[in-house]
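What follows is one structure encoded as structure tokens, with my remarks underneath.
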Amino acid sequence: MSRDPRPGEIYLEFRPVGKQVQVTAIDAATGIEVSTFGPASTSQEDLKRVVVRKLKRRIDQLADAAKQQRDPTLY
């Protein structure tokens with residue numbers, strides 16, 4: 001079994017913080033990480049859906065920003 005990250009693979013961490021839960025999502029291929037908080041009474045599936053959507057949006061934002069950067073070697 002290979003431990004190399006596959007495209008689209010996401011690591012999730014659920015950590016209770018008082019009456020809330022911090023959910024962290026990390027894209028395995030890029031290492032991009034986002035977090036969100038939610039009430040401890042919220043289902044893990046709902047929190048997972050929110051944080052994964054947030055991660056995908058962040059990846060898209062970074063990809064768009066990279067496309068818009070100009071090449072510094074051009075005049």
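In the structure tokens, the first chain shown is A, the next is B, and so on; residue numbers restart at 1 for each chain, and ligands run from 1 in the order shown.
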*Nearby residues (only C-alpha atoms) at most 10 Å from Lys19 in chain A, same-chain spacing under 2 positions excluded, as a PyMOL selection string*: chain A and resi 16-17+21+38-41
_I need the residues in chain A that are alpha helix (DSSP H) according to DSSP; give them as a PyMOL selection string._
chain A and resi 44-68
_Residues within 7 Å of Val34 in chain A, only C-alpha atoms, excluding chain neighbours under 4 positions, as a VMD selection string_ = chain A and resid 24 to 26 55
Go ahead and dump the residues you just picked, all heavy atoms, as a PDB file, in the first residue's frame.
```pdb
ATOM      1  N   THR A  24     -10.760  20.582  10.771  1.00  0.00           N
ATOM      2  CA  THR A  24      -9.676  20.982   9.884  1.00  0.00           C
ATOM      3  C   THR A  24      -9.646  20.025   8.708  1.00  0.00           C
ATOM      4  O   THR A  24      -9.761  18.807   8.884  1.00  0.00           O
ATOM      5  CB  THR A  24      -8.325  20.942  10.629  1.00  0.00           C
ATOM      6  OG1 THR A  24      -8.415  21.791  11.777  1.00  0.00           O
ATOM      7  CG2 THR A  24      -7.190  21.405   9.747  1.00  0.00           C
ATOM      8  N   ALA A  25      -9.498  20.590   7.508  1.00  0.00           N
ATOM      9  CA  ALA A  25      -9.376  19.790   6.292  1.00  0.00           C
ATOM     10  C   ALA A  25      -8.061  20.140   5.618  1.00  0.00           C
ATOM     11  O   ALA A  25      -7.722  21.318   5.489  1.00  0.00           O
ATOM     12  CB  ALA A  25     -10.537  20.066   5.340  1.00  0.00           C
ATOM     13  N   ILE A  26      -7.318  19.110   5.213  1.00  0.00           N
ATOM     14  CA  ILE A  26      -6.034  19.304   4.548  1.00  0.00           C
ATOM     15  C   ILE A  26      -6.054  18.538   3.232  1.00  0.00           C
ATOM     16  O   ILE A  26      -6.364  17.343   3.198  1.00  0.00           O
ATOM     17  CB  ILE A  26      -4.871  18.782   5.427  1.00  0.00           C
ATOM     18  CG1 ILE A  26      -4.891  19.463   6.786  1.00  0.00           C
ATOM     19  CG2 ILE A  26      -3.532  18.984   4.726  1.00  0.00           C
ATOM     20  CD1 ILE A  26      -3.982  18.825   7.807  1.00  0.00           C
ATOM     21  N   LEU A  55     -12.470  24.198   1.680  1.00  0.00           N
ATOM     22  CA  LEU A  55     -11.160  23.804   1.159  1.00  0.00           C
ATOM     23  C   LEU A  55     -11.131  23.881  -0.362  1.00  0.00           C
ATOM     24  O   LEU A  55     -10.178  24.413  -0.944  1.00  0.00           O
ATOM     25  CB  LEU A  55     -10.811  22.387   1.627  1.00  0.00           C
ATOM     26  CG  LEU A  55      -9.500  21.810   1.098  1.00  0.00           C
ATOM     27  CD1 LEU A  55      -8.305  22.626   1.570  1.00  0.00           C
ATOM     28  CD2 LEU A  55      -9.347  20.359   1.531  1.00  0.00           C
TER      29      LEU A  55
END
```
_With DSSP run on the backbone, what are the strand (DSSP E or B) residues within chain A? I'd like them as number ranges by chain._
A: 10-17, 20-27, 33-39
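Residues in contact range of Gly8 in chain A, defined as at most 10 Å between only C-alpha atoms, with sequence neighbours fewer than 3 positions away removed, read Pro5, Tyr11, Asp27, Ala28, Ala29, Thr30 and Lys56 of chain A.
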*What's the 10 Å shell around Phe14 in chain A, counting only C-alpha atoms, without same-chain residues fewer than 4 positions away, as a ChimeraX atom specification?*
/A:21-25,35-37,44,47-48
_d(CA of Arg53 in chain A, CA of Gln20 in chain A) in Å_ =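 Computed distance, CA of Arg53 in chain A to CA of Gln20 in chain A, equals 19.4 Å.
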